[in-house]
Amino acid sequence: MKNAYTNPGRVVVAMSGGVDSSAALAILKERGFDCIGVSMQLWDYSKKEDALGATAGSCCSLDDINDARRVADGLNVPFYAVNVEEAFGREVVDYFIKSYASGETPNPCAKCNQVLKFEVLLRKALSLGADYLATGHYARIIPDGPGHRLLKGVDRDKDQSYFLFTMTPSQLSRVLFPVGSLTKTEVREYARKIGLRTSEKKESQDICFVEEPRYAEFLSARVQGRIGEIVDASGKVLGTHSGLFNYTVGQRKGLNLSGGPFYVSAIDAANNRLIVGPAEGLYSEGLIAREMNWIDKDARELALKGGLTATAKVRYRHPGVECVVTAIDGSRARAVFRTPEKAVTPGQAVVFYREDAVLGGGWIERAVKDKEGLE
């Protein structure tokens, strides 16, 4: 199979304005690729925030685009800003709002990767005659027979493979992750060595369209939140909540209940109820996932036969739990944990691994508290 790094072609590099994508561009240029830098314009930057509190956020801002442009100029690489406001609003912001409104906790970064980067931007790259799209993700893609495997990044503290579980075989064949085989420290050292202006730039921590302290304000302007009951597992009313979008599974603060301590163990959107209980009530025996995407075909076959043993990550910083995965139908799967797992949250991604390799993943439909519910 052709190795992209030893047979360089034309590549569009998605530039966020940070050190990782800047280094990715520089690495590919050094290796002989015909590079084009591209940033995604997500907002109308003529205004700091819209009438309902959406902001340019802490990444992908106008300053970030300008940083990306200056890096590209310094490397003598052509640069373009691509307007994706409509797609971003529809596929990421609206998804974020609808998820909270339905009692789930969304993962907008994974959705942005799925739709904006590896669908919209990849199509744009190919339309420009590029052979590849590159990003600054800490993950690796390696040839494997007629296809490719998706692996964790070498830097375990920065590994971003969890957010990439939706990638398809055709996308894996056209995408490059130049910094995935490096540590963050090595990336910064490389950026300093070649004089990249972003070498010391801090990483953004918030969702790009709203800063963390303003989540409630952002959602309350868009979601028809209703006051409802807070109940325990038996249905006993303990208090009232201010709108389900203000809560997530595992949350302790902000419940304003006497006694306890109480934690959110489930969100009952159908009945507008918040279910709480002691810490032990946060544990689940397994989960049901929807919209499954299998990257490893052999893993998919084993799951269809009911016998895939894997490690499941149920959130980004989760260390993983051993499980057995069984496909329920073509798009859903059941995972039974070897040991009960805490705070399995509907709306988040579950990603299945075998050592470094991503086997596949899906969106958590529901946590299952007892093994009978997994039969």
# chains A, B, ... in the order shown; residues from 1 in each chain; ligands from 1
>>> closest_atom_pairs(of="stretch 69-138 of chain A", to="stretch 314-317 of chain A", cutoff="12 Å", atoms="only C-alpha atoms", output="JSON lines")
{"residue": "A:Thr105", "atom": "CA", "partner": "A:Arg315", "partner_atom": "CA", "distance": 11.0}
{"residue": "A:Pro106", "atom": "CA", "partner": "A:Arg315", "partner_atom": "CA", "distance": 11.0}
{"residue": "A:Asn107", "atom": "CA", "partner": "A:Arg315", "partner_atom": "CA", "distance": 9.3}
{"residue": "A:Cys109", "atom": "CA", "partner": "A:Tyr316", "partner_atom": "CA", "distance": 10.6}
{"residue": "A:Ala110", "atom": "CA", "partner": "A:Tyr316", "partner_atom": "CA", "distance": 10.1}
>>> residues_around(residues="stretch 282-290 of chain A", least_positions_apart="5", cutoff="10 Å", atoms="only C-alpha atoms", output="PyMOL selection string")
chain A and resi 249-251+263-266+276-277+314+323-351+361-374
>>> write_last_selection(atoms="N, CA and C atoms", output="compact mmCIF listing (two decimals), in the first residue's frame")
# COMPACT_ATOMS: atom_id res chain seq x y z
N VAL A 249 -25.49 13.58 34.29
CA VAL A 249 -25.30 12.42 35.15
C VAL A 249 -23.98 12.55 35.92
N GLY A 250 -24.04 12.27 37.22
CA GLY A 250 -22.87 12.37 38.08
C GLY A 250 -22.76 13.69 38.80
N GLN A 251 -23.59 14.67 38.44
CA GLN A 251 -23.51 16.00 39.04
C GLN A 251 -23.97 15.97 40.50
N TYR A 263 -26.50 12.65 44.12
CA TYR A 263 -25.90 12.80 42.79
C TYR A 263 -26.98 12.53 41.74
N VAL A 264 -26.86 13.17 40.58
CA VAL A 264 -27.77 12.87 39.49
C VAL A 264 -27.42 11.50 38.93
N SER A 265 -28.37 10.56 39.02
CA SER A 265 -28.13 9.21 38.51
C SER A 265 -28.78 8.97 37.15
N ALA A 266 -29.80 9.77 36.82
CA ALA A 266 -30.47 9.62 35.52
C ALA A 266 -31.32 10.86 35.26
N VAL A 276 -32.16 11.25 41.41
CA VAL A 276 -30.94 11.39 42.18
C VAL A 276 -30.83 10.25 43.19
N GLY A 277 -29.64 10.12 43.75
CA GLY A 277 -29.42 9.09 44.75
C GLY A 277 -28.00 9.17 45.30
N VAL A 314 -15.97 5.53 28.05
CA VAL A 314 -17.31 6.12 28.03
C VAL A 314 -17.28 7.64 28.14
N CYS A 323 -15.01 -5.04 28.60
CA CYS A 323 -16.42 -5.34 28.34
C CYS A 323 -16.54 -6.37 27.23
N VAL A 324 -17.75 -6.87 27.07
CA VAL A 324 -18.10 -7.73 25.93
C VAL A 324 -19.17 -7.00 25.12
N VAL A 325 -18.92 -6.85 23.84
CA VAL A 325 -19.79 -6.07 22.97
C VAL A 325 -20.55 -7.01 22.03
N THR A 326 -21.87 -6.80 21.97
CA THR A 326 -22.73 -7.59 21.08
C THR A 326 -23.55 -6.64 20.23
N ALA A 327 -23.52 -6.83 18.92
CA ALA A 327 -24.35 -6.03 18.03
C ALA A 327 -25.80 -6.44 18.20
N ILE A 328 -26.68 -5.44 18.39
CA ILE A 328 -28.11 -5.71 18.52
C ILE A 328 -28.75 -5.76 17.14
N ASP A 329 -28.36 -4.83 16.30
CA ASP A 329 -28.80 -4.82 14.90
C ASP A 329 -27.71 -4.09 14.12
N GLY A 330 -28.03 -3.58 12.96
CA GLY A 330 -27.01 -2.96 12.14
C GLY A 330 -26.45 -1.67 12.69
N SER A 331 -27.18 -1.01 13.61
CA SER A 331 -26.74 0.30 14.08
C SER A 331 -26.62 0.42 15.59
N ARG A 332 -26.99 -0.61 16.34
CA ARG A 332 -26.95 -0.52 17.80
C ARG A 332 -26.15 -1.68 18.36
N ALA A 333 -25.62 -1.45 19.57
CA ALA A 333 -24.82 -2.49 20.23
C ALA A 333 -25.03 -2.44 21.73
N ARG A 334 -24.76 -3.58 22.37
CA ARG A 334 -24.86 -3.71 23.82
C ARG A 334 -23.46 -3.99 24.35
N ALA A 335 -23.05 -3.28 25.40
CA ALA A 335 -21.77 -3.53 26.05
C ALA A 335 -22.03 -3.93 27.50
N VAL A 336 -21.49 -5.07 27.91
CA VAL A 336 -21.60 -5.54 29.30
C VAL A 336 -20.23 -5.39 29.94
N PHE A 337 -20.16 -4.58 31.00
CA PHE A 337 -18.88 -4.31 31.64
C PHE A 337 -18.44 -5.47 32.53
N ARG A 338 -17.13 -5.65 32.61
CA ARG A 338 -16.59 -6.67 33.52
C ARG A 338 -16.82 -6.25 34.97
N THR A 339 -16.70 -4.98 35.25
CA THR A 339 -16.99 -4.43 36.58
C THR A 339 -17.89 -3.22 36.39
N PRO A 340 -18.79 -2.93 37.35
CA PRO A 340 -19.69 -1.77 37.19
C PRO A 340 -18.91 -0.48 36.97
N GLU A 341 -19.48 0.38 36.12
CA GLU A 341 -18.80 1.62 35.75
C GLU A 341 -19.63 2.83 36.16
N LYS A 342 -18.93 3.89 36.58
CA LYS A 342 -19.56 5.08 37.14
C LYS A 342 -19.93 6.10 36.06
N ALA A 343 -21.10 6.73 36.24
CA ALA A 343 -21.52 7.91 35.46
C ALA A 343 -21.49 7.68 33.96
N VAL A 344 -22.12 6.60 33.52
CA VAL A 344 -22.30 6.37 32.08
C VAL A 344 -23.41 7.32 31.63
N THR A 345 -23.10 8.20 30.68
CA THR A 345 -23.96 9.35 30.39
C THR A 345 -24.53 9.29 28.98
N PRO A 346 -25.86 9.19 28.84
CA PRO A 346 -26.48 9.23 27.51
C PRO A 346 -26.10 10.50 26.75
N GLY A 347 -25.79 10.33 25.47
CA GLY A 347 -25.38 11.44 24.63
C GLY A 347 -23.89 11.51 24.41
N GLN A 348 -23.12 10.95 25.37
CA GLN A 348 -21.67 10.89 25.19
C GLN A 348 -21.31 9.73 24.26
N ALA A 349 -20.08 9.70 23.81
CA ALA A 349 -19.61 8.61 22.95
C ALA A 349 -19.08 7.47 23.79
N VAL A 350 -19.27 6.24 23.30
CA VAL A 350 -18.54 5.09 23.82
C VAL A 350 -17.66 4.58 22.69
N VAL A 351 -16.37 4.44 22.98
CA VAL A 351 -15.42 4.02 21.96
C VAL A 351 -14.73 2.75 22.44
N GLY A 361 -17.18 2.64 17.58
CA GLY A 361 -17.85 3.34 18.67
C GLY A 361 -19.23 3.79 18.26
N GLY A 362 -19.94 4.38 19.20
CA GLY A 362 -21.29 4.86 18.96
C GLY A 362 -21.65 5.88 20.03
N TRP A 363 -22.89 6.33 19.98
CA TRP A 363 -23.40 7.29 20.96
C TRP A 363 -24.20 6.56 22.02
N ILE A 364 -23.93 6.86 23.29
CA ILE A 364 -24.60 6.15 24.38
C ILE A 364 -26.08 6.52 24.38
N GLU A 365 -26.92 5.51 24.19
CA GLU A 365 -28.37 5.70 24.20
C GLU A 365 -28.91 5.67 25.63
N ARG A 366 -28.42 4.69 26.40
CA ARG A 366 -28.82 4.62 27.80
C ARG A 366 -27.85 3.75 28.59
N ALA A 367 -27.71 4.07 29.85
CA ALA A 367 -26.96 3.22 30.77
C ALA A 367 -27.90 2.16 31.30
N VAL A 368 -27.38 0.98 31.58
CA VAL A 368 -28.18 -0.13 32.12
C VAL A 368 -27.65 -0.46 33.50
N LYS A 369 -28.50 -0.28 34.51
CA LYS A 369 -28.06 -0.39 35.91
C LYS A 369 -27.87 -1.82 36.37
N ASP A 370 -28.66 -2.77 35.80
CA ASP A 370 -28.56 -4.16 36.26
C ASP A 370 -28.44 -5.08 35.06
N LYS A 371 -27.85 -6.25 35.28
CA LYS A 371 -27.56 -7.18 34.19
C LYS A 371 -28.84 -7.70 33.53
N GLU A 372 -29.94 -7.74 34.27
CA GLU A 372 -31.20 -8.20 33.67
C GLU A 372 -31.61 -7.29 32.50
N GLY A 373 -31.29 -6.02 32.61
CA GLY A 373 -31.63 -5.10 31.55
C GLY A 373 -30.77 -5.24 30.31
N LEU A 374 -29.72 -6.05 30.40
CA LEU A 374 -28.83 -6.27 29.28
C LEU A 374 -29.09 -7.57 28.57
>>> closest_atom_pairs(of="stretch 56-171 of chain A", to="stretch 22-34 of chain A", cutoff="9 Å", atoms="only C-alpha atoms", output="CSV")
residue,atom,partner,partner_atom,distance
A:Ala68,CA,A:Ser22,CA,7.0
A:Val71,CA,A:Ser22,CA,6.6
A:Ala72,CA,A:Leu25,CA,7.9
A:Leu75,CA,A:Ala26,CA,7.2
A:Val77,CA,A:Lys29,CA,8.6
A:Ala130,CA,A:Asp34,CA,8.7
A:Ala134,CA,A:Ala24,CA,7.5
A:Thr135,CA,A:Ala24,CA,6.8
A:Gly136,CA,A:Ala24,CA,5.7
>>> atom_distance(atom1="atom CA of A:Glu85", atom2="atom CA of A:Lys124")
14.6 Å
>>> decode(residues="stretch 108-256 of chain A", atoms="C-alpha atoms", output="compact mmCIF listing (two decimals), in the first residue's frame")
# COMPACT_ATOMS: atom_id res chain seq x y z
CA PRO A 108 -19.87 18.70 20.21
CA CYS A 109 -16.15 18.12 19.56
CA ALA A 110 -16.76 14.60 18.26
CA LYS A 111 -19.69 15.84 16.16
CA CYS A 112 -17.58 18.68 14.73
CA ASN A 113 -14.87 16.19 13.73
CA GLN A 114 -17.45 13.90 12.16
CA VAL A 115 -19.28 16.47 10.06
CA LEU A 116 -17.20 19.63 9.70
CA LYS A 117 -13.68 18.26 9.38
CA PHE A 118 -14.04 14.83 7.83
CA GLU A 119 -17.08 15.46 5.66
CA VAL A 120 -17.36 19.16 4.77
CA LEU A 121 -13.67 20.09 4.90
CA LEU A 122 -12.46 16.82 3.36
CA ARG A 123 -14.81 17.34 0.39
CA LYS A 124 -13.46 20.86 0.04
CA ALA A 125 -9.89 19.55 0.08
CA LEU A 126 -10.61 17.01 -2.63
CA SER A 127 -12.36 19.68 -4.72
CA LEU A 128 -9.10 21.68 -4.57
CA GLY A 129 -7.28 18.73 -6.12
CA ALA A 130 -5.69 17.61 -2.86
CA ASP A 131 -4.77 14.00 -2.17
CA TYR A 132 -5.15 14.39 1.60
CA LEU A 133 -6.58 16.44 4.45
CA ALA A 134 -4.31 16.82 7.49
CA THR A 135 -5.16 17.95 11.02
CA GLY A 136 -3.29 18.45 14.30
CA HIS A 137 -5.01 15.56 16.11
CA TYR A 138 -3.01 13.36 18.47
CA ALA A 139 -3.88 10.04 16.83
CA ARG A 140 -2.31 7.77 14.20
CA ILE A 141 -3.47 6.16 10.98
CA ILE A 142 -1.45 3.24 9.62
CA PRO A 143 -1.90 1.03 6.53
CA ASP A 144 -3.35 -2.41 7.25
CA GLY A 145 -3.69 -4.68 4.22
CA PRO A 146 -6.18 -3.09 1.84
CA GLY A 147 -7.36 -0.63 4.50
CA HIS A 148 -6.17 1.42 7.46
CA ARG A 149 -6.18 1.24 11.24
CA LEU A 150 -6.87 4.13 13.62
CA LEU A 151 -4.57 4.13 16.65
CA LYS A 152 -4.16 6.19 19.79
CA GLY A 153 -1.63 9.00 19.74
CA VAL A 154 1.80 8.30 21.18
CA ASP A 155 1.21 10.94 23.87
CA ARG A 156 -1.35 9.23 26.09
CA ASP A 157 -2.15 12.47 27.94
CA LYS A 158 -3.11 14.16 24.65
CA ASP A 159 -4.56 11.20 22.73
CA GLN A 160 -7.64 12.31 20.77
CA SER A 161 -8.64 9.05 19.09
CA TYR A 162 -11.80 9.01 21.26
CA PHE A 163 -13.17 11.92 19.20
CA LEU A 164 -12.47 10.17 15.88
CA PHE A 165 -14.55 7.00 16.18
CA THR A 166 -16.93 8.08 13.39
CA MET A 167 -14.23 7.95 10.69
CA THR A 168 -14.91 5.75 7.67
CA PRO A 169 -12.45 3.65 5.60
CA SER A 170 -12.50 6.18 2.76
CA GLN A 171 -11.77 9.03 5.19
CA LEU A 172 -8.92 7.13 6.84
CA SER A 173 -7.30 6.68 3.42
CA ARG A 174 -7.37 10.45 2.81
CA VAL A 175 -6.48 11.89 6.24
CA LEU A 176 -3.08 12.51 7.83
CA PHE A 177 -2.24 13.14 11.50
CA PRO A 178 1.38 14.40 11.39
CA VAL A 179 1.75 15.05 15.15
CA GLY A 180 0.18 11.77 16.29
CA SER A 181 3.56 10.07 16.64
CA LEU A 182 4.93 12.93 18.78
CA THR A 183 4.37 14.09 22.33
CA LYS A 184 3.03 17.56 23.07
CA THR A 185 6.44 18.48 24.49
CA GLU A 186 8.12 17.40 21.25
CA VAL A 187 5.62 19.40 19.20
CA ARG A 188 6.31 22.57 21.18
CA GLU A 189 10.07 22.01 20.99
CA TYR A 190 9.84 21.55 17.22
CA ALA A 191 7.69 24.69 16.89
CA ARG A 192 10.21 26.70 18.91
CA LYS A 193 13.13 25.36 16.89
CA ILE A 194 11.68 26.50 13.57
CA GLY A 195 10.27 29.74 14.99
CA LEU A 196 6.51 29.18 14.71
CA ARG A 197 4.62 32.11 16.27
CA THR A 198 2.18 29.68 17.93
CA SER A 199 4.86 27.69 19.78
CA GLU A 200 3.88 29.06 23.21
CA LYS A 201 0.17 29.52 22.56
CA LYS A 202 -2.08 28.10 25.27
CA GLU A 203 -4.59 25.40 24.49
CA SER A 204 -8.29 26.25 24.43
CA GLN A 205 -10.39 24.38 26.98
CA ASP A 206 -13.97 25.45 26.31
CA ILE A 207 -16.44 24.51 23.59
CA CYS A 208 -15.69 26.85 20.71
CA PHE A 209 -19.12 28.52 20.59
CA VAL A 210 -19.66 29.19 24.28
CA GLU A 211 -17.38 29.59 27.29
CA GLU A 212 -18.02 27.16 30.16
CA PRO A 213 -19.39 29.64 32.74
CA ARG A 214 -22.07 30.66 30.21
CA TYR A 215 -23.47 27.21 29.31
CA ALA A 216 -26.63 27.75 31.35
CA GLU A 217 -27.19 31.22 29.90
CA PHE A 218 -26.62 29.94 26.36
CA LEU A 219 -29.04 27.02 26.79
CA SER A 220 -31.72 28.88 28.72
CA ALA A 221 -32.07 31.30 25.79
CA ARG A 222 -32.67 28.40 23.40
CA VAL A 223 -34.32 25.55 25.34
CA GLN A 224 -37.84 25.68 26.73
CA GLY A 225 -36.79 24.54 30.17
CA ARG A 226 -39.53 23.67 32.65
CA ILE A 227 -39.35 23.37 36.41
CA GLY A 228 -39.91 19.76 37.43
CA GLU A 229 -39.52 17.21 40.20
CA ILE A 230 -36.33 15.83 41.67
CA VAL A 231 -37.01 12.26 42.81
CA ASP A 232 -35.11 9.35 44.26
CA ALA A 233 -34.99 5.88 42.70
CA SER A 234 -38.30 4.95 44.38
CA GLY A 235 -40.07 8.01 42.96
CA LYS A 236 -40.18 9.98 46.21
CA VAL A 237 -40.17 13.72 45.52
CA LEU A 238 -37.18 15.45 47.14
CA GLY A 239 -37.30 18.86 45.52
CA THR A 240 -37.58 20.73 42.23
CA HIS A 241 -35.13 21.30 39.37
CA SER A 242 -34.75 24.45 37.27
CA GLY A 243 -34.77 22.75 33.86
CA LEU A 244 -33.17 19.45 32.87
CA PHE A 245 -30.58 21.09 30.62
CA ASN A 246 -28.86 22.43 33.75
CA TYR A 247 -27.86 18.92 34.89
CA THR A 248 -25.81 15.93 33.80
CA VAL A 249 -25.30 12.42 35.15
CA GLY A 250 -22.87 12.37 38.08
CA GLN A 251 -23.51 16.00 39.04
CA ARG A 252 -23.62 16.83 42.75
CA LYS A 253 -23.51 20.62 42.91
CA GLY A 254 -26.54 22.78 42.33
CA LEU A 255 -29.20 20.29 43.47
CA ASN A 256 -30.08 22.29 46.60
